[in-house]
Structure formats: C-alpha cells, structure tokens
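A.B. asks: File start_35.tsv below, TSV, N, CA and C atoms:
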chain	number	residue	atom	x	y	z
A	1	MET	N	59.97	26.64	16.96
A	1	MET	CA	58.59	26.21	16.96
A	1	MET	C	58.51	24.83	16.33
A	2	THR	N	57.76	23.94	16.93
A	2	THR	CA	57.67	22.58	16.41
A	2	THR	C	56.61	22.50	15.32
A	3	GLU	N	56.80	21.53	14.45
A	3	GLU	CA	55.84	21.30	13.38
A	3	GLU	C	54.56	20.72	13.97
A	4	PRO	N	53.37	21.13	13.46
A	4	PRO	CA	52.12	20.59	14.00
A	4	PRO	C	52.04	19.08	13.79
A	5	ALA	N	51.38	18.42	14.73
A	5	ALA	CA	51.17	16.98	14.61
A	5	ALA	C	50.21	16.71	13.46
A	6	LYS	N	50.39	15.56	12.82
A	6	LYS	CA	49.50	15.20	11.71
A	6	LYS	C	49.41	13.70	11.54
A	7	ILE	N	48.35	13.30	10.91
A	7	ILE	CA	48.15	11.93	10.45
A	7	ILE	C	48.10	12.02	8.94
A	8	THR	N	48.96	11.29	8.27
A	8	THR	CA	49.09	11.40	6.82
A	8	THR	C	48.55	10.15	6.14
A	9	ILE	N	47.71	10.35	5.16
A	9	ILE	CA	47.25	9.25	4.31
A	9	ILE	C	48.29	9.11	3.20
A	10	ILE	N	49.00	7.98	3.21
A	10	ILE	CA	50.13	7.79	2.30
A	10	ILE	C	49.70	7.22	0.96
A	11	GLU	N	48.81	6.25	0.98
A	11	GLU	CA	48.41	5.61	-0.27
A	11	GLU	C	46.91	5.48	-0.34
A	12	GLY	N	46.44	5.24	-1.54
A	12	GLY	CA	45.00	5.10	-1.74
A	12	GLY	C	44.39	6.37	-2.29
A	13	PRO	N	43.10	6.30	-2.57
A	13	PRO	CA	42.42	7.48	-3.12
A	13	PRO	C	42.25	8.55	-2.05
A	14	PRO	N	41.91	9.77	-2.47
A	14	PRO	CA	41.64	10.82	-1.49
A	14	PRO	C	40.47	10.41	-0.59
A	15	PRO	N	40.46	10.85	0.65
A	15	PRO	CA	39.37	10.47	1.54
A	15	PRO	C	38.05	11.10	1.10
A	16	THR	N	36.98	10.43	1.44
A	16	THR	CA	35.64	10.94	1.20
A	16	THR	C	35.13	11.54	2.50
A	17	PHE	N	34.75	12.79	2.47
A	17	PHE	CA	34.26	13.47	3.66
A	17	PHE	C	32.74	13.53	3.60
A	18	GLU	N	32.11	13.15	4.70
A	18	GLU	CA	30.66	13.20	4.80
A	18	GLU	C	30.30	14.24	5.84
A	19	LEU	N	29.56	15.27	5.44
A	19	LEU	CA	29.16	16.31	6.38
A	19	LEU	C	28.22	15.71	7.42
A	20	VAL	N	28.41	16.10	8.67
A	20	VAL	CA	27.57	15.62	9.75
A	20	VAL	C	27.00	16.81	10.50
A	21	GLY	N	25.84	16.61	11.09
A	21	GLY	CA	25.17	17.69	11.80
A	21	GLY	C	24.79	17.32	13.21
A	22	ASP	N	25.51	16.38	13.80
A	22	ASP	CA	25.20	15.98	15.17
A	22	ASP	C	25.39	17.16	16.12
A	23	PRO	N	24.46	17.35	17.07
A	23	PRO	CA	24.56	18.50	17.98
A	23	PRO	C	25.85	18.55	18.80
A	24	TRP	N	26.42	17.41	19.14
A	24	TRP	CA	27.62	17.42	19.98
A	24	TRP	C	28.82	18.01	19.23
A	25	LEU	N	28.73	18.12	17.91
A	25	LEU	CA	29.84	18.65	17.12
A	25	LEU	C	29.88	20.17	17.06
A	26	LEU	N	28.81	20.83	17.47
A	26	LEU	CA	28.75	22.29	17.34
A	26	LEU	C	29.88	22.98	18.10
A	27	GLY	N	30.28	22.46	19.24
A	27	GLY	CA	31.37	23.07	20.00
A	27	GLY	C	32.73	22.87	19.37
A	28	LEU	N	32.83	21.98	18.41
A	28	LEU	CA	34.12	21.69	17.79
A	28	LEU	C	34.44	22.60	16.61
A	29	ILE	N	33.48	23.38	16.15
A	29	ILE	CA	33.70	24.16	14.93
A	29	ILE	C	33.80	25.65	15.18
A	30	GLU	N	33.95	26.04	16.43
A	30	GLU	CA	34.09	27.46	16.71
A	30	GLU	C	35.40	27.97	16.14
A	31	GLY	N	35.36	29.14	15.54
A	31	GLY	CA	36.56	29.71	14.97
A	31	GLY	C	36.24	30.94	14.16
A	32	PRO	N	37.28	31.58	13.62
A	32	PRO	CA	37.07	32.84	12.90
A	32	PRO	C	36.43	32.68	11.52
A	33	LEU	N	36.48	31.49	10.95
A	33	LEU	CA	35.93	31.26	9.61
A	33	LEU	C	34.75	30.30	9.69
A	34	PRO	N	33.73	30.50	8.85
A	34	PRO	CA	32.62	29.54	8.82
A	34	PRO	C	33.13	28.17	8.41
A	35	SER	N	32.75	27.16	9.16
A	35	SER	CA	33.22	25.82	8.84
A	35	SER	C	32.15	24.80	9.21
A	36	ARG	N	32.36	23.57	8.76
A	36	ARG	CA	31.48	22.44	9.05
A	36	ARG	C	32.35	21.28	9.46
A	37	VAL	N	31.75	20.34	10.18
A	37	VAL	CA	32.46	19.13	10.57
A	37	VAL	C	32.06	18.01	9.62
A	38	ALA	N	33.05	17.29	9.15
A	38	ALA	CA	32.83	16.14	8.27
A	38	ALA	C	33.57	14.95	8.86
A	39	VAL	N	33.08	13.77	8.58
A	39	VAL	CA	33.74	12.55	9.04
A	39	VAL	C	34.30	11.83	7.82
A	40	CYS	N	35.45	11.20	8.02
A	40	CYS	CA	36.00	10.34	6.98
A	40	CYS	C	36.47	9.05	7.65
A	41	ARG	N	36.46	8.00	6.88
A	41	ARG	CA	36.85	6.68	7.37
A	41	ARG	C	38.12	6.25	6.66
A	42	VAL	N	39.11	5.82	7.45
A	42	VAL	CA	40.41	5.45	6.90
A	42	VAL	C	40.80	4.10	7.49
A	43	ARG	N	41.21	3.19	6.65
A	43	ARG	CA	41.71	1.89	7.12
A	43	ARG	C	43.17	2.05	7.55
A	44	THR	N	43.52	1.43	8.66
A	44	THR	CA	44.88	1.53	9.17
A	44	THR	C	45.24	0.27	9.93
A	45	ALA	N	46.52	0.03	10.10
A	45	ALA	CA	46.99	-1.12	10.86
A	45	ALA	C	47.23	-0.76	12.32
A	46	ASN	N	47.27	0.55	12.63
A	46	ASN	CA	47.61	0.96	14.00
A	46	ASN	C	46.66	2.02	14.54
A	47	GLY	N	45.37	1.71	14.59
A	47	GLY	CA	44.35	2.63	15.07
A	47	GLY	C	44.61	3.17	16.47
A	48	PRO	N	44.92	2.31	17.46
A	48	PRO	CA	45.14	2.82	18.82
A	48	PRO	C	46.31	3.82	18.90
A	49	ALA	N	47.38	3.60	18.14
A	49	ALA	CA	48.52	4.51	18.17
A	49	ALA	C	48.15	5.87	17.56
A	50	LEU	N	47.33	5.87	16.52
A	50	LEU	CA	46.92	7.12	15.91
A	50	LEU	C	45.96	7.90	16.81
A	51	VAL	N	45.08	7.20	17.49
A	51	VAL	CA	44.20	7.86	18.47
A	51	VAL	C	45.04	8.46	19.59
A	52	GLU	N	46.03	7.73	20.05
A	52	GLU	CA	46.91	8.23	21.11
A	52	GLU	C	47.68	9.48	20.64
A	53	ARG	N	48.10	9.50	19.39
A	53	ARG	CA	48.80	10.67	18.85
A	53	ARG	C	47.89	11.90	18.92
A	54	CYS	N	46.62	11.73	18.58
A	54	CYS	CA	45.66	12.84	18.67
A	54	CYS	C	45.49	13.30	20.12
A	55	TYR	N	45.31	12.34	21.03
A	55	TYR	CA	45.11	12.68	22.45
A	55	TYR	C	46.31	13.44	23.01
A	56	ARG	N	47.51	13.01	22.64
A	56	ARG	CA	48.72	13.71	23.13
A	56	ARG	C	48.77	15.15	22.63
A	57	ALA	N	48.46	15.36	21.35
A	57	ALA	CA	48.48	16.72	20.80
A	57	ALA	C	47.44	17.59	21.50
A	58	TRP	N	46.23	17.08	21.69
A	58	TRP	CA	45.19	17.86	22.34
A	58	TRP	C	45.52	18.13	23.80
A	59	ARG	N	46.11	17.15	24.48
A	59	ARG	CA	46.50	17.33	25.87
A	59	ARG	C	47.51	18.46	26.02
A	60	ASP	N	48.40	18.58	25.02
A	60	ASP	CA	49.42	19.63	25.04
A	60	ASP	C	48.91	20.94	24.45
A	61	GLY	N	47.61	21.00	24.11
A	61	GLY	CA	47.03	22.22	23.57
A	61	GLY	C	47.42	22.51	22.14
A	62	GLN	N	47.82	21.49	21.40
A	62	GLN	CA	48.27	21.65	20.01
A	62	GLN	C	47.23	21.09	19.05
A	63	PRO	N	47.12	21.67	17.86
A	63	PRO	CA	46.23	21.08	16.86
A	63	PRO	C	46.88	19.86	16.21
A	64	ILE	N	46.06	19.02	15.64
A	64	ILE	CA	46.55	17.89	14.85
A	64	ILE	C	45.76	17.87	13.56
A	65	TYR	N	46.44	17.56	12.47
A	65	TYR	CA	45.84	17.66	11.15
A	65	TYR	C	45.82	16.32	10.43
A	66	LEU	N	44.83	16.16	9.57
A	66	LEU	CA	44.81	15.06	8.62
A	66	LEU	C	45.43	15.61	7.34
A	67	GLU	N	46.49	14.96	6.88
A	67	GLU	CA	47.16	15.37	5.65
A	67	GLU	C	46.85	14.32	4.58
A	68	TYR	N	46.42	14.78	3.42
A	68	TYR	CA	46.01	13.87	2.34
A	68	TYR	C	46.23	14.56	1.00
A	69	ARG	N	46.17	13.78	-0.04
A	69	ARG	CA	46.26	14.33	-1.40
A	69	ARG	C	44.84	14.49	-1.94
A	70	SER	N	44.57	15.65	-2.51
A	70	SER	CA	43.26	15.90	-3.10
A	70	SER	C	43.18	15.21	-4.45
A	71	GLU	N	42.02	15.29	-5.07
A	71	GLU	CA	41.84	14.62	-6.37
A	71	GLU	C	42.75	15.19	-7.45
A	72	ASP	N	43.15	16.46	-7.30
A	72	ASP	CA	44.06	17.04	-8.29
A	72	ASP	C	45.53	16.86	-7.92
A	73	GLY	N	45.80	16.06	-6.88
A	73	GLY	CA	47.17	15.71	-6.52
A	73	GLY	C	47.85	16.66	-5.55
A	74	LEU	N	47.18	17.71	-5.13
A	74	LEU	CA	47.77	18.66	-4.18
A	74	LEU	C	47.66	18.15	-2.75
A	75	THR	N	48.63	18.50	-1.93
A	75	THR	CA	48.61	18.12	-0.53
A	75	THR	C	47.69	19.06	0.23
A	76	GLU	N	46.72	18.50	0.94
A	76	GLU	CA	45.74	19.27	1.70
A	76	GLU	C	45.84	18.87	3.17
A	77	GLN	N	45.39	19.76	4.04
A	77	GLN	CA	45.33	19.48	5.47
A	77	GLN	C	43.98	19.93	6.01
A	78	ALA	N	43.45	19.18	6.96
A	78	ALA	CA	42.22	19.54	7.64
A	78	ALA	C	42.42	19.27	9.13
A	79	PRO	N	42.05	20.22	10.00
A	79	PRO	CA	42.21	20.01	11.43
A	79	PRO	C	41.29	18.89	11.93
A	80	ILE	N	41.86	17.98	12.70
A	80	ILE	CA	41.09	16.88	13.28
A	80	ILE	C	40.46	17.39	14.57
A	81	THR	N	39.14	17.18	14.70
A	81	THR	CA	38.44	17.64	15.90
A	81	THR	C	38.03	16.51	16.82
A	82	ALA	N	37.92	15.30	16.30
A	82	ALA	CA	37.59	14.13	17.11
A	82	ALA	C	38.08	12.89	16.36
A	83	VAL	N	38.31	11.82	17.12
A	83	VAL	CA	38.85	10.59	16.52
A	83	VAL	C	38.34	9.38	17.29
A	84	ARG	N	38.21	8.28	16.59
A	84	ARG	CA	37.81	7.01	17.19
A	84	ARG	C	38.28	5.90	16.25
A	85	PHE	N	38.58	4.73	16.81
A	85	PHE	CA	38.90	3.61	15.93
A	85	PHE	C	37.98	2.44	16.26
A	86	LEU	N	37.74	1.63	15.24
A	86	LEU	CA	36.94	0.41	15.37
A	86	LEU	C	37.79	-0.75	14.88
A	87	GLU	N	37.67	-1.88	15.54
A	87	GLU	CA	38.44	-3.05	15.11
A	87	GLU	C	37.64	-3.84	14.08
A	88	SER	N	38.35	-4.33	13.06
A	88	SER	CA	37.75	-5.23	12.08
A	88	SER	C	38.61	-6.50	12.07
A	89	GLU	N	38.31	-7.42	11.18
A	89	GLU	CA	39.01	-8.70	11.16
A	89	GLU	C	40.51	-8.55	10.92
A	90	ASP	N	40.88	-7.76	9.91
A	90	ASP	CA	42.28	-7.66	9.52
A	90	ASP	C	42.99	-6.41	10.00
A	91	ASP	N	42.25	-5.33	10.19
A	91	ASP	CA	42.89	-4.05	10.52
A	91	ASP	C	41.94	-3.21	11.36
A	92	HIS	N	42.20	-1.91	11.42
A	92	HIS	CA	41.36	-0.98	12.16
A	92	HIS	C	40.73	0.01	11.20
A	93	LEU	N	39.57	0.49	11.56
A	93	LEU	CA	38.92	1.56	10.82
A	93	LEU	C	39.00	2.80	11.70
A	94	LEU	N	39.67	3.82	11.20
A	94	LEU	CA	39.85	5.06	11.92
A	94	LEU	C	38.77	6.04	11.47
A	95	LEU	N	37.98	6.53	12.42
A	95	LEU	CA	36.97	7.54	12.13
A	95	LEU	C	37.54	8.88	12.55
A	96	LEU	N	37.65	9.78	11.60
A	96	LEU	CA	38.22	11.10	11.85
A	96	LEU	C	37.17	12.16	11.56
A	97	TRP	N	36.87	12.98	12.56
A	97	TRP	CA	36.01	14.13	12.36
A	97	TRP	C	36.93	15.32	12.14
A	98	VAL	N	36.79	15.99	11.02
A	98	VAL	CA	37.67	17.09	10.67
A	98	VAL	C	36.84	18.35	10.42
A	99	ARG	N	37.48	19.50	10.58
A	99	ARG	CA	36.83	20.77	10.32
A	99	ARG	C	37.19	21.22	8.91
A	100	LEU	N	36.18	21.45	8.10
A	100	LEU	CA	36.37	21.92	6.73
A	100	LEU	C	35.80	23.33	6.63
A	101	GLU	N	36.57	24.23	6.03
A	101	GLU	CA	36.07	25.58	5.82
A	101	GLU	C	35.00	25.54	4.74
A	102	GLU	N	34.03	26.44	4.85
A	102	GLU	CA	32.90	26.45	3.92
A	102	GLU	C	33.35	26.49	2.46
A	103	GLY	N	34.43	27.21	2.15
A	103	GLY	CA	34.91	27.30	0.78
A	103	GLY	C	35.49	26.00	0.25
A	104	ASP	N	35.91	25.10	1.14
A	104	ASP	CA	36.52	23.83	0.74
A	104	ASP	C	35.51	22.72	0.53
A	105	ILE	N	34.25	22.98	0.86
A	105	ILE	CA	33.25	21.92	0.83
A	105	ILE	C	32.62	21.87	-0.56
A	106	GLU	N	32.66	20.68	-1.15
A	106	GLU	CA	31.97	20.42	-2.41
A	106	GLU	C	30.89	19.41	-2.12
A	107	ILE	N	29.70	19.71	-2.58
A	107	ILE	CA	28.59	18.81	-2.34
A	107	ILE	C	28.34	18.01	-3.60
A	108	GLU	N	28.25	16.71	-3.44
A	108	GLU	CA	28.01	15.82	-4.57
A	108	GLU	C	26.70	15.10	-4.32
A	109	PHE	N	25.83	15.18	-5.30
A	109	PHE	CA	24.54	14.52	-5.20
A	109	PHE	C	24.55	13.28	-6.08
A	110	GLU	N	24.04	12.19	-5.53
A	110	GLU	CA	23.90	10.97	-6.30
A	110	GLU	C	22.45	10.55	-6.27
A	111	PHE	N	21.91	10.31	-7.44
A	111	PHE	CA	20.54	9.85	-7.54
A	111	PHE	C	20.53	8.49	-8.20
A	112	GLU	N	19.85	7.57	-7.57
A	112	GLU	CA	19.70	6.25	-8.17
A	112	GLU	C	18.27	6.13	-8.62
A	113	ASP	N	18.07	5.99	-9.90
A	113	ASP	CA	16.73	5.94	-10.46
A	113	ASP	C	16.45	4.52	-10.92
A	114	GLU	N	16.16	3.65	-9.95
A	114	GLU	CA	15.91	2.26	-10.27
A	114	GLU	C	14.51	2.06	-10.85
A	115	MET	N	13.60	2.98	-10.53
A	115	MET	CA	12.22	2.79	-10.94
A	115	MET	C	11.93	3.36	-12.33
A	116	GLU	N	12.92	3.98	-12.95
A	116	GLU	CA	12.71	4.64	-14.24
A	116	GLU	C	12.12	3.70	-15.28
A	117	ASP	N	12.61	2.49	-15.37
A	117	ASP	CA	12.15	1.54	-16.38
A	117	ASP	C	10.89	0.80	-15.96
A	118	ASP	N	10.48	0.94	-14.70
A	118	ASP	CA	9.33	0.21	-14.19
A	118	ASP	C	8.00	0.90	-14.52
A	119	PHE	N	8.03	2.15	-14.92
A	119	PHE	CA	6.80	2.88	-15.18
A	119	PHE	C	6.32	2.63	-16.60
A	120	ASP	N	5.01	2.41	-16.71
A	120	ASP	CA	4.38	2.24	-18.02
A	120	ASP	C	3.16	3.15	-18.02
A	121	PHE	N	3.28	4.27	-18.69
A	121	PHE	CA	2.20	5.24	-18.73
A	121	PHE	C	1.34	4.98	-19.96
A	122	ASP	N	0.13	4.52	-19.76
A	122	ASP	CA	-0.83	4.31	-20.85
A	122	ASP	C	-1.99	5.26	-20.64
A	123	ILE	N	-2.27	6.07	-21.63
A	123	ILE	CA	-3.40	6.97	-21.56
A	123	ILE	C	-4.36	6.54	-22.66
A	124	ASP	N	-5.56	6.15	-22.27
A	124	ASP	CA	-6.57	5.72	-23.23
A	124	ASP	C	-7.67	6.76	-23.27
A	125	PHE	N	-7.94	7.28	-24.45
A	125	PHE	CA	-9.06	8.19	-24.65
A	125	PHE	C	-10.18	7.37	-25.27
A	126	GLU	N	-11.24	7.12	-24.48
A	126	GLU	CA	-12.31	6.26	-24.98
A	126	GLU	C	-13.12	6.94	-26.07
A	127	ASP	N	-13.52	8.17	-25.83
A	127	ASP	CA	-14.31	8.87	-26.83
A	127	ASP	C	-13.95	10.34	-26.75
A	128	GLU	N	-13.44	10.88	-27.82
A	128	GLU	CA	-12.99	12.25	-27.81
A	128	GLU	C	-14.15	13.23	-27.69
A	129	ASP	N	-15.36	12.84	-28.12
A	129	ASP	CA	-16.51	13.73	-28.06
A	129	ASP	C	-17.17	13.72	-26.69
A	130	ASP	N	-16.92	12.74	-25.88
A	130	ASP	CA	-17.55	12.60	-24.57
A	130	ASP	C	-16.91	13.59	-23.60
A	131	GLU	N	-17.73	14.36	-22.86
A	131	GLU	CA	-17.20	15.34	-21.91
A	131	GLU	C	-16.53	14.65	-20.73
A	132	ASP	N	-17.03	13.54	-20.30
A	132	ASP	CA	-16.46	12.78	-19.17
A	132	ASP	C	-15.50	11.75	-19.69
A	133	GLN	N	-14.32	12.20	-20.07
A	133	GLN	CA	-13.32	11.29	-20.59
A	133	GLN	C	-12.67	10.54	-19.43
A	134	ASP	N	-12.44	9.26	-19.66
A	134	ASP	CA	-11.75	8.44	-18.66
A	134	ASP	C	-10.29	8.35	-19.03
A	135	PHE	N	-9.45	8.54	-18.04
A	135	PHE	CA	-8.01	8.41	-18.26
A	135	PHE	C	-7.54	7.20	-17.49
A	136	ASP	N	-6.75	6.37	-18.12
A	136	ASP	CA	-6.20	5.18	-17.46
A	136	ASP	C	-4.71	5.38	-17.31
A	137	PHE	N	-4.29	5.63	-16.11
A	137	PHE	CA	-2.88	5.77	-15.83
A	137	PHE	C	-2.42	4.47	-15.18
A	138	SER	N	-1.81	3.61	-15.92
A	138	SER	CA	-1.33	2.34	-15.39
A	138	SER	C	0.12	2.46	-15.00
A	139	ILE	N	0.35	2.10	-13.80
A	139	ILE	CA	1.74	2.15	-13.32
A	139	ILE	C	2.14	0.76	-12.90
Show the structure stored in the file as structure tokens.
C.D. replies:
Amino acid sequence: MTEPAKITIIEGPPPTFELVGDPWLLGLIEGPLPSRVAVCRVRTANGPALVERCYRAWRDGQPIYLEYRSEDGLTEQAPITAVRFLESEDDHLLLLWVRLEEGDIEIEFEFEDEMEDDFDFDIDFEDEDDEDQDFDFSI
C-alpha cells in the first residue's frame, strides 16, 4: 500500500485555519464524523506544482493531506478538499481548504476596543429634590 499524498509545511509558524460556510463546500465535508471546512493560506515558490499534486491524487481516487506542526510541536494532518493558487510579486499564495473534525476546532475571538478611551460619561444632577431630573449623557 502506498503512503498517502501530502503537502508538508516545513518552516514557519503553524497555519491559521479560518472556518468557512460557503454553500459549495457542503459536499466536501461528507463523512462519518462531524467536520467543518476551513481555509488556510500558505506562501510557496511552486504553487502550480502543488495544485497539480492534489489533482493527480484526486484523479486517482486518493486523499491528499496537509501536514503541519501544531502549536505544541506535534505533527498534524488535515485532509485537503480543495486547492487554488494565486500569483504574487515574489512567490505564490496557496489557498488550501481542509476538513477539520469538530473536536480539532478551536475558536479564537479577538475584540478590538478602539472606542474604549473615546467615551466620556458625565452625569449631571441639577436638583436632587426636583422630580424631573435631567441627565446629561455626553459621549
């Protein structure tokens, strides 16, 4: 039995996977385990050759995997479900859509609170005995 085809990330940080919900991807995630499709972007010098490697594996009915090191240094694999490359000035950007099992997905939330320092809440009580108190909320 031959070893499954793979694309290996040799150097650099672990890839960042972004979950996608495009309708055309629903047919790519069928399988026995609940999974989601995520996209990652990888810089490479040989985008067309890597796309061709994927096409050859799929044509032969074989899976192809993205192999990478996780943040804890372990070798991980994710099945590639779609691939595309884009040309840039110096190299190629490889777009890889991979299938991630639900248990492997970690969601990270980032909040940028740029307006936090811009708010100035001033409350003025004109007369405490007056029933119709005016509140001044200055923002």
A.B. asks: What lies within 9 Å of Ala45 in chain A using only C-alpha atoms, ignoring chain neighbours under 2 positions off, as a PyMOL selection string?
C.D. replies: chain A and resi 43+47+90-93
A.B. asks: In Å, with one decimal, what is the gap from CA of Ser70 in chain A to atom C of Glu89 in chain A?
C.D. replies: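 So the answer is 28.3 Å.
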A.B. asks: Could you work out how far atom C of Glu101 in chain A lies from atom C of Arg53 in chain A, giving the answer in Å with one decimal?
C.D. replies: 23.5 Å
A.B. asks: Rounded to one decimal in Å, what is the spacing between CA of Glu52 in chain A and CA of Arg84 in chain A?
C.D. replies: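 Taking CA of Glu52 in chain A and CA of Arg84 in chain A, their separation equals 10.0 Å.
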A.B. asks: In terms of the shortest atom-to-atom distance over all atoms listed in the file, which of A:Pro63, A:Pro4, A:Pro14, A:Pro79 is closest to Leu96 in chain A?
C.D. replies: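 Checking each candidate against Leu96 in chain A, we get A:Pro79 as the closest.
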A.B. asks: Write out as a list in words the residues lying within 8 Å of Thr16 in chain A, counting only N, CA and C atoms and excluding same-chain residues fewer than 4 positions away.
C.D. replies: Ala38, Val39, Cys40, Arg41 and Val42 of chain A
A.B. asks: Hey, can you pull every residue with an atom no more than 7 Å from (26.2, 18.9, 6.8), using all atoms listed in the file, and send it as a VMD selection string?
C.D. replies: chain A and resid 18 to 21 36 to 37
A.B. asks: I need the residue nearest Ile64 in chain A from this list: A:Ala49, A:Gly12, A:Glu87, A:Lys6. Use all atoms listed in the file for the distance.
C.D. replies: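 Using all atoms listed in the file, the shortest distance to Ile64 in chain A belongs to A:Lys6.
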A.B. asks: With only C-alpha atoms as the atoms that count, which of A:Ile10, A:Leu66, A:Val51, A:Ala5 lies nearest to Leu86 in chain A?
C.D. replies: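 With only C-alpha atoms as the atom set, the closest residue is A:Val51.
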A.B. asks: Taking the backbone alone, and naming residues the way the document does, which bits of range 35-105 of chain A are alpha helix (DSSP H) by DSSP, as a VMD selection string?
C.D. replies: chain A and resid 47 to 59
A.B. asks: When DSSP works through the backbone of this structure, what residues of range 39-91 of chain A end up as strand (DSSP E), shown as a list in words?
C.D. replies: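 So, restricting range 39-91 of chain A to strand (DSSP E), we get Val39, Cys40, Arg41, Val42, Arg43, Thr44, Ile64, Tyr65, Leu66, Glu67, Tyr68, Arg69, Thr75, Glu76, Gln77, Ala78, Pro79, Ile80, Thr81, Ala82, Val83, Arg84, Phe85, Leu86 and Glu87 of chain A.
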